[in-house]
>>> print(open('structure_6.txt').read())   # compact mmCIF, C-alpha atoms and all ligand atoms
# COMPACT_ATOMS: atom_id res chain seq x y z
CA MET A 7 -17.12 -40.36 29.95
CA SER A 8 -17.79 -43.48 27.93
CA SER A 9 -15.80 -44.22 24.82
CA LEU A 10 -18.95 -43.58 22.81
CA ASP A 11 -19.27 -40.04 24.23
CA ARG A 12 -15.63 -39.40 23.51
CA THR A 13 -16.00 -40.41 19.84
CA SER A 14 -19.04 -38.25 19.34
CA SER A 15 -17.47 -35.24 21.02
CA SER A 16 -14.32 -35.57 18.89
CA ARG A 17 -16.60 -35.87 15.87
CA GLY A 18 -18.28 -32.61 16.93
CA GLY A 19 -14.86 -30.97 17.22
CA ARG A 20 -13.88 -32.16 13.78
CA ALA A 21 -17.13 -30.81 12.33
CA LYS A 22 -16.39 -27.44 13.93
CA VAL A 23 -12.87 -27.37 12.46
CA LEU A 24 -14.27 -28.30 9.03
CA ALA A 25 -16.90 -25.56 9.29
CA ILE A 26 -14.28 -22.95 10.19
CA ALA A 27 -11.98 -24.11 7.38
CA GLY A 28 -14.89 -24.01 4.94
CA ALA A 29 -15.85 -20.49 6.00
CA GLY A 30 -12.21 -19.43 5.65
CA ALA A 31 -11.96 -20.92 2.17
CA LEU A 32 -15.18 -19.13 1.17
CA LEU A 33 -13.80 -15.88 2.53
CA LEU A 34 -10.62 -16.32 0.50
CA THR A 35 -12.10 -17.49 -2.79
CA GLY A 36 -15.76 -16.72 -3.21
CA CYS A 37 -15.89 -13.11 -2.44
CA SER A 38 -15.81 -9.76 -4.06
CA GLU A 39 -13.75 -8.64 -7.00
CA GLN A 40 -11.83 -6.45 -4.60
CA VAL A 41 -10.54 -9.49 -2.75
CA GLN A 42 -9.72 -11.27 -6.00
CA ARG A 43 -7.59 -8.26 -6.93
CA GLY A 44 -5.83 -8.53 -3.58
CA TRP A 45 -7.20 -5.10 -2.60
CA LEU A 46 -5.11 -3.40 -5.29
CA PRO A 47 -6.34 0.07 -6.34
CA ASN A 48 -7.00 -0.76 -10.02
CA ALA A 49 -10.76 -0.87 -10.45
CA GLU A 50 -10.41 -3.36 -13.29
CA ARG A 51 -7.83 -5.95 -14.19
CA ASP A 52 -6.63 -4.31 -17.42
CA ILE A 53 -6.71 -0.57 -16.65
CA THR A 54 -3.35 -0.42 -18.45
CA ASN A 55 -1.54 -3.04 -20.51
CA HIS A 56 0.57 -3.83 -17.40
CA THR A 57 -1.93 -3.94 -14.55
CA GLY A 58 -3.01 -7.52 -15.35
CA SER A 59 0.47 -9.00 -14.97
CA ILE A 60 1.21 -6.92 -11.86
CA GLN A 61 -2.06 -8.04 -10.31
CA ASP A 62 -1.34 -11.70 -11.11
CA LEU A 63 2.12 -11.47 -9.56
CA TRP A 64 0.71 -9.84 -6.43
CA VAL A 65 -2.25 -12.19 -5.95
CA ASN A 66 -0.35 -15.40 -6.75
CA SER A 67 2.49 -14.42 -4.42
CA TRP A 68 -0.02 -13.88 -1.63
CA ILE A 69 -1.66 -17.24 -2.28
CA VAL A 70 1.72 -18.98 -2.02
CA VAL A 71 2.83 -17.17 1.14
CA LEU A 72 -0.56 -17.73 2.77
CA LEU A 73 -0.32 -21.47 2.05
CA VAL A 74 3.18 -21.52 3.56
CA GLY A 75 1.82 -19.50 6.47
CA LEU A 76 -1.08 -21.86 7.06
CA LEU A 77 1.26 -24.86 7.02
CA THR A 78 3.69 -23.16 9.40
CA TRP A 79 1.02 -21.92 11.81
CA GLY A 80 -0.59 -25.37 11.70
CA LEU A 81 2.68 -27.11 12.57
CA ILE A 82 3.39 -24.63 15.37
CA ILE A 83 -0.05 -25.08 16.91
CA TRP A 84 0.14 -28.86 16.51
CA CYS A 85 3.51 -28.94 18.34
CA ILE A 86 2.23 -26.67 21.10
CA VAL A 87 -0.81 -28.87 21.67
CA ALA A 88 0.60 -32.36 21.04
CA TYR A 89 3.87 -31.89 22.95
CA ARG A 90 2.61 -29.69 25.79
CA ARG A 91 3.79 -30.47 29.29
CA ARG A 92 1.44 -32.96 30.95
CA LYS A 93 0.43 -33.04 34.60
CA ASN A 94 2.85 -35.73 35.70
CA ASP A 95 5.80 -34.80 33.49
CA THR A 96 9.06 -34.20 35.27
CA GLY A 97 12.45 -32.96 34.10
CA TYR A 98 13.30 -32.10 30.53
CA PRO A 99 11.67 -33.84 27.58
CA ARG A 100 13.84 -36.03 25.37
CA GLN A 101 16.49 -33.74 23.84
CA LEU A 102 16.95 -33.93 20.05
CA SER A 103 19.43 -32.19 17.77
CA TYR A 104 20.88 -32.42 14.28
CA ASN A 105 18.36 -33.89 11.91
CA LEU A 106 20.13 -33.55 8.58
CA PRO A 107 17.20 -34.43 6.27
CA ILE A 108 14.95 -31.87 7.99
CA GLU A 109 17.67 -29.23 7.93
CA ILE A 110 18.24 -29.75 4.21
CA PHE A 111 14.48 -29.63 3.68
CA TYR A 112 13.94 -26.33 5.50
CA THR A 113 16.90 -24.73 3.75
CA ALA A 114 16.05 -25.95 0.26
CA VAL A 115 12.31 -25.18 0.26
CA PRO A 116 12.57 -21.47 1.23
CA LEU A 117 15.49 -21.08 -1.20
CA MET A 118 13.37 -22.51 -4.01
CA LEU A 119 10.45 -20.26 -3.02
CA ILE A 120 12.64 -17.16 -3.05
CA LEU A 121 14.19 -18.05 -6.40
CA THR A 122 10.73 -18.63 -7.86
CA PHE A 123 9.46 -15.28 -6.53
CA PHE A 124 12.57 -13.65 -7.95
CA ALA A 125 12.12 -15.21 -11.39
CA PHE A 126 8.48 -14.14 -11.66
CA SER A 127 9.15 -10.60 -10.32
CA ASP A 128 12.10 -10.20 -12.66
CA SER A 129 10.25 -11.30 -15.79
CA THR A 130 7.22 -9.11 -14.95
CA GLU A 131 9.44 -6.12 -14.25
CA ARG A 132 11.42 -6.60 -17.45
CA ALA A 133 8.23 -6.75 -19.50
CA ILE A 134 6.98 -3.53 -17.87
CA ASN A 135 10.22 -1.58 -18.17
CA THR A 136 11.14 -2.47 -21.73
CA PRO A 137 11.42 0.84 -23.63
CA VAL A 138 8.62 1.37 -26.15
CA ASP A 139 8.53 3.69 -29.14
CA SER A 140 5.30 5.27 -27.93
CA GLU A 141 2.68 7.16 -29.88
CA LEU A 142 2.45 9.80 -27.15
CA VAL A 143 5.34 11.20 -25.11
CA VAL A 144 4.55 13.18 -21.98
CA ASP A 145 7.44 15.02 -20.38
CA VAL A 146 6.21 15.40 -16.80
CA ARG A 147 7.94 18.10 -14.76
CA ALA A 148 7.35 17.90 -11.03
CA LYS A 149 7.77 21.04 -8.96
CA GLN A 150 6.99 22.09 -5.42
CA TRP A 151 3.99 21.50 -5.39
CA ALA A 152 2.38 20.93 -8.76
CA TRP A 153 2.95 19.43 -12.18
CA ASP A 154 3.74 20.53 -15.72
CA PHE A 155 2.79 18.25 -18.61
CA ASN A 156 4.47 18.55 -22.03
CA TYR A 157 2.70 16.54 -24.71
CA SER A 158 4.31 15.37 -27.95
CA TYR A 159 1.69 13.74 -30.15
CA GLN A 160 1.63 13.35 -33.93
CA GLY A 161 4.03 16.21 -34.44
CA GLN A 162 2.21 18.53 -32.03
CA GLU A 163 4.08 20.00 -29.05
CA LYS A 164 1.78 21.33 -26.36
CA TYR A 165 2.23 22.13 -22.70
CA PHE A 166 0.18 22.54 -19.58
CA ALA A 167 1.63 24.37 -16.57
CA GLY A 168 -0.08 23.33 -13.35
CA THR A 169 -0.63 25.42 -10.25
CA GLN A 170 -0.71 24.04 -6.75
CA ALA A 171 -3.98 22.81 -5.35
CA HIS A 172 -5.25 24.41 -2.18
CA LEU A 173 -7.10 21.86 -0.13
CA THR A 174 -9.39 24.18 1.74
CA GLY A 175 -11.97 21.52 2.43
CA GLU A 176 -14.45 23.26 0.14
CA GLU A 177 -16.15 21.34 -2.64
CA GLY A 178 -14.90 21.52 -6.19
CA VAL A 179 -11.19 21.61 -5.35
CA GLU A 180 -10.65 18.48 -7.44
CA GLU A 181 -11.56 20.40 -10.58
CA THR A 182 -8.79 22.93 -9.98
CA LEU A 183 -6.12 20.23 -9.89
CA PRO A 184 -3.66 19.85 -12.76
CA THR A 185 -5.14 17.29 -15.14
CA LEU A 186 -3.19 14.90 -17.30
CA TYR A 187 -5.06 13.81 -20.44
CA LEU A 188 -4.31 10.47 -22.09
CA PRO A 189 -5.90 8.95 -25.19
CA VAL A 190 -7.27 5.47 -24.55
CA GLY A 191 -5.48 2.61 -26.29
CA LYS A 192 -2.43 4.69 -27.26
CA SER A 193 1.01 3.81 -25.94
CA VAL A 194 2.52 6.49 -23.72
CA THR A 195 6.04 7.20 -22.58
CA PHE A 196 6.27 9.32 -19.47
CA GLU A 197 9.54 11.18 -19.16
CA LEU A 198 9.72 11.95 -15.47
CA ASN A 199 11.72 14.99 -14.43
CA SER A 200 11.90 17.25 -11.41
CA ARG A 201 12.53 21.00 -11.19
CA ASP A 202 13.68 21.12 -7.58
CA VAL A 203 13.67 18.20 -5.14
CA ILE A 204 12.89 14.50 -5.41
CA HIS A 205 9.23 13.81 -6.15
CA SER A 206 7.48 10.62 -7.21
CA PHE A 207 4.93 10.10 -9.97
CA TRP A 208 2.13 7.85 -8.86
CA VAL A 209 -1.24 6.98 -10.38
CA PRO A 210 -2.41 4.30 -7.93
CA ALA A 211 -4.89 2.77 -10.42
CA PHE A 212 -2.04 2.16 -12.89
CA LEU A 213 -0.09 0.22 -10.22
CA GLN A 214 3.12 1.99 -11.20
CA LYS A 215 5.13 4.60 -9.33
CA LEU A 216 8.54 6.08 -10.03
CA ASP A 217 10.80 8.68 -8.44
CA MET A 218 11.43 11.99 -10.19
CA ILE A 219 14.97 13.09 -9.53
CA PRO A 220 16.48 16.49 -10.36
CA GLY A 221 19.04 16.10 -13.15
CA LYS A 222 17.88 12.60 -14.12
CA THR A 223 15.03 11.43 -16.37
CA ASN A 224 13.13 8.29 -15.41
CA HIS A 225 10.69 6.53 -17.73
CA ILE A 226 7.34 4.77 -17.44
CA TYR A 227 5.88 3.07 -20.51
CA LEU A 228 2.24 2.04 -20.58
CA THR A 229 -0.96 1.99 -22.58
CA PRO A 230 -4.11 3.11 -20.72
CA GLN A 231 -6.94 0.80 -21.77
CA VAL A 232 -10.01 1.97 -19.87
CA GLU A 233 -11.56 5.43 -20.17
CA GLY A 234 -12.19 7.18 -16.90
CA THR A 235 -10.95 9.63 -14.31
CA TYR A 236 -8.11 8.56 -12.04
CA GLN A 237 -6.24 10.22 -9.24
CA GLY A 238 -2.54 10.92 -9.25
CA LYS A 239 -0.26 12.18 -6.55
CA CYS A 240 3.29 12.79 -5.51
CA ALA A 241 4.50 9.82 -3.47
CA GLU A 242 7.70 11.27 -2.05
CA LEU A 243 7.65 13.66 0.92
CA CYS A 244 8.86 16.78 -0.88
CA GLY A 245 8.20 19.67 1.46
CA GLU A 246 5.51 21.59 3.27
CA TYR A 247 2.68 21.16 0.74
CA HIS A 248 3.53 17.64 -0.43
CA SER A 249 0.00 16.57 0.48
CA GLU A 250 -1.41 19.09 -2.01
CA MET A 251 0.74 17.86 -4.88
CA LEU A 252 -2.14 16.09 -6.57
CA PHE A 253 -3.38 15.72 -10.12
CA ASN A 254 -6.19 14.12 -12.07
CA VAL A 255 -5.79 11.74 -14.96
CA GLU A 256 -8.45 11.70 -17.67
CA VAL A 257 -8.24 8.73 -20.00
CA VAL A 258 -10.42 9.79 -22.94
CA SER A 259 -11.07 8.98 -26.59
CA GLU A 260 -8.46 10.16 -29.08
CA GLN A 261 -10.87 12.81 -30.34
CA GLU A 262 -11.39 14.26 -26.88
CA PHE A 263 -7.66 14.14 -26.32
CA LEU A 264 -6.99 16.08 -29.52
CA SER A 265 -9.57 18.70 -28.63
CA HIS A 266 -7.94 19.05 -25.22
CA LEU A 267 -4.55 19.57 -26.93
CA ASP A 268 -6.16 22.37 -28.93
CA THR A 269 -6.88 24.26 -25.69
CA LEU A 270 -3.20 24.16 -24.66
CA ASN A 271 -0.32 26.44 -25.57
CA ASP A 272 2.22 25.44 -28.20
CA GLY A 273 5.69 24.57 -27.07
CA HIS A 274 7.55 22.80 -24.34
CA ILE A 275 8.48 24.04 -20.89
CA GLY A 276 11.52 22.16 -19.80
CA GLU A 277 14.73 22.72 -17.92
CA GLU A 278 14.65 26.52 -18.28
CA TYR A 279 12.22 26.66 -15.36
CA ASP A 280 14.17 24.33 -13.11
CA ARG A 281 14.83 25.93 -9.74
CA LYS A 282 18.21 24.22 -9.70
CA PRO A 283 20.05 23.80 -12.98
CA GLY A 284 20.74 20.13 -13.77
CA GLU A 285 24.42 20.19 -12.92
CA VAL A 286 23.94 21.69 -9.45
CA ALA A 287 21.17 19.27 -8.67
CA ARG A 288 23.25 16.30 -9.74
CA ASN A 289 26.13 17.39 -7.52
CA GLU A 290 23.85 17.84 -4.56
CA ILE A 291 22.43 14.38 -4.99
CA HIS A 292 25.91 12.91 -4.85
CA GLY A 293 26.81 15.11 -1.90
CA GLU A 294 29.57 16.89 -3.83
CA GLY A 295 27.98 20.32 -4.24
CA GLU A 296 28.06 23.14 -1.76
CU CU B 1 6.38 16.02 -4.54
>>> encode(input="structure_6.txt", output="structure tokens")
Amino acid sequence: MSSLDRTSSSRGGRAKVLAIAGAGALLLTGCSEQVQRGWLPNAERDITNHTGSIQDLWVNSWIVVLLVGLLTWGLIIWCIVAYRRRKNDTGYPRQLSYNLPIEIFYTAVPLMLILTFFAFSDSTERAINTPVDSELVVDVRAKQWAWDFNYSYQGQEKYFAGTQAHLTGEEGVEETLPTLYLPVGKSVTFELNSRDVIHSFWVPAFLQKLDMIPGKTNHIYLTPQVEGTYQGKCAELCGEYHSEMLFNVEVVSEQEFLSHLDTLNDGHIGEEYDRKPGEVARNEIHGEGE
């Protein structure tokens, strides 16, 4: 092969590499909204007042780790190719050890990355979990295998007692699911309680999920910002029909919300229906009860 051939073939190789890199960059940047959201389940960036910051944290973290990944994979492949064993090599290659600058570098850089991730996660989490004096309070009571919703809104106390869904495979089952109504643009505090075992309150589109523990109340604070129907589910394996512990979320106008409240019964169904009174449940959690 003449030197001319060699140059042109290496030029061809470089063009190929550039083409692949270009296609990769297009794949990562150009494409659908879904990719830009990092495949998160919120259909829009600001479904709630928190989904934007959660999405940013998620997507930016992935961009950083992918860049680190590309650099690392690149260096690995470069070493494998450049320092491979050649035909006439004999014995061991030159042995190297203890390179202090490199060791300091590869200790300091990951440490800085981790501290940065920590700082961003911490500030996002603090902003999300700061207690809010909400306009609407929903005391959610999880039970094997359905949901009760107690609404406190503008002095009204209303409750909805859900019955378990039966996923028979027939159409229309979704409409029989317990449905949580929320007025759009109003701040909500969810008081998360359980009547029996540990459950978990999860509306995937809201990007927030929290355990519901017998004898303990957990809180989620958020403001739904986009009207629509969302799916909710229990996210903690809680017994035989865990998979049927589903609910719908309807984010509606305040007017629609108020007219839904009118269809509900007055009052609040709380601890009195717990299968295990609070004290017993607490002891069992700590392994003291018997
Ligand atoms: Cu459950």
>>> residues_near_ligand(input="structure_6.txt", ligand="ligand CU 1 (chain B)", cutoff="6 Å", atoms="all atoms listed in the file", output="PyMOL selection string")
chain A and resi 205+240+242+244+248+251
>>> residues_around(input="structure_6.txt", residues="Thr185 in chain A", least_positions_apart="5", cutoff="7 Å", atoms="all atoms listed in the file", output="PyMOL selection string")
chain A and resi 253-256
>>> residues_around(input="structure_6.txt", residues="Ser249 in chain A", least_positions_apart="4", cutoff="9 Å", atoms="only C-alpha atoms", output="PyMOL selection string")
chain A and resi 151+173+239-240+243-245
>>> residues_around(input="structure_6.txt", residues="range 174-184 of chain A", least_positions_apart="5", cutoff="10 Å", atoms="all atoms listed in the file", output="PyMOL selection string")
chain A and resi 152-155+166-169+237-238+250-255
>>> atom_distance(input="structure_6.txt", atom1="CA of Tyr165 in chain A", atom2="CA of Asn271 in chain A")
5.8 Å
>>> closest_residue(input="structure_6.txt", among="A:Asp202, A:Tyr187, A:Leu213, A:Pro99", to="Glu262 in chain A", atoms="only C-alpha atoms")
A:Tyr187
>>> residues_around(input="structure_6.txt", residues="Gln61 in chain A", least_positions_apart="2", cutoff="8 Å", atoms="all atoms listed in the file", output="VMD selection string")
chain A and resid 43 to 44 46 51 57 to 59 63 to 65
>>> write_last_selection(input="structure_6.txt", atoms="C-alpha atoms", output="PDB file, in the frame of the given file")
ATOM      1  CA  ARG A  43      -7.590  -8.260  -6.930  1.00  0.00           C
ATOM      2  CA  GLY A  44      -5.830  -8.530  -3.580  1.00  0.00           C
ATOM      3  CA  LEU A  46      -5.110  -3.400  -5.290  1.00  0.00           C
ATOM      4  CA  ARG A  51      -7.830  -5.950 -14.190  1.00  0.00           C
ATOM      5  CA  THR A  57      -1.930  -3.940 -14.550  1.00  0.00           C
ATOM      6  CA  GLY A  58      -3.010  -7.520 -15.350  1.00  0.00           C
ATOM      7  CA  SER A  59       0.470  -9.000 -14.970  1.00  0.00           C
ATOM      8  CA  LEU A  63       2.120 -11.470  -9.560  1.00  0.00           C
ATOM      9  CA  TRP A  64       0.710  -9.840  -6.430  1.00  0.00           C
ATOM     10  CA  VAL A  65      -2.250 -12.190  -5.950  1.00  0.00           C
TER      11      VAL A  65
END
>>> atom_distance(input="structure_6.txt", atom1="CA of Asp217 in chain A", atom2="CA of Ser200 in chain A")
9.1 Å
>>> residues_around(input="structure_6.txt", residues="Asp139 in chain A", least_positions_apart="6", cutoff="9 Å", atoms="all atoms listed in the file", output="NGL selection string")
:A and (193-195)
>>> closest_residue(input="structure_6.txt", among="A:Ile26, A:Tyr279, A:Ala211, A:Phe263", to="Ala148 in chain A", atoms="only C-alpha atoms")
A:Tyr279
>>> closest_residue(input="structure_6.txt", among="A:Tyr247, A:Val146, A:Glu141, A:Glu109", to="His172 in chain A", atoms="only C-alpha atoms")
A:Tyr247
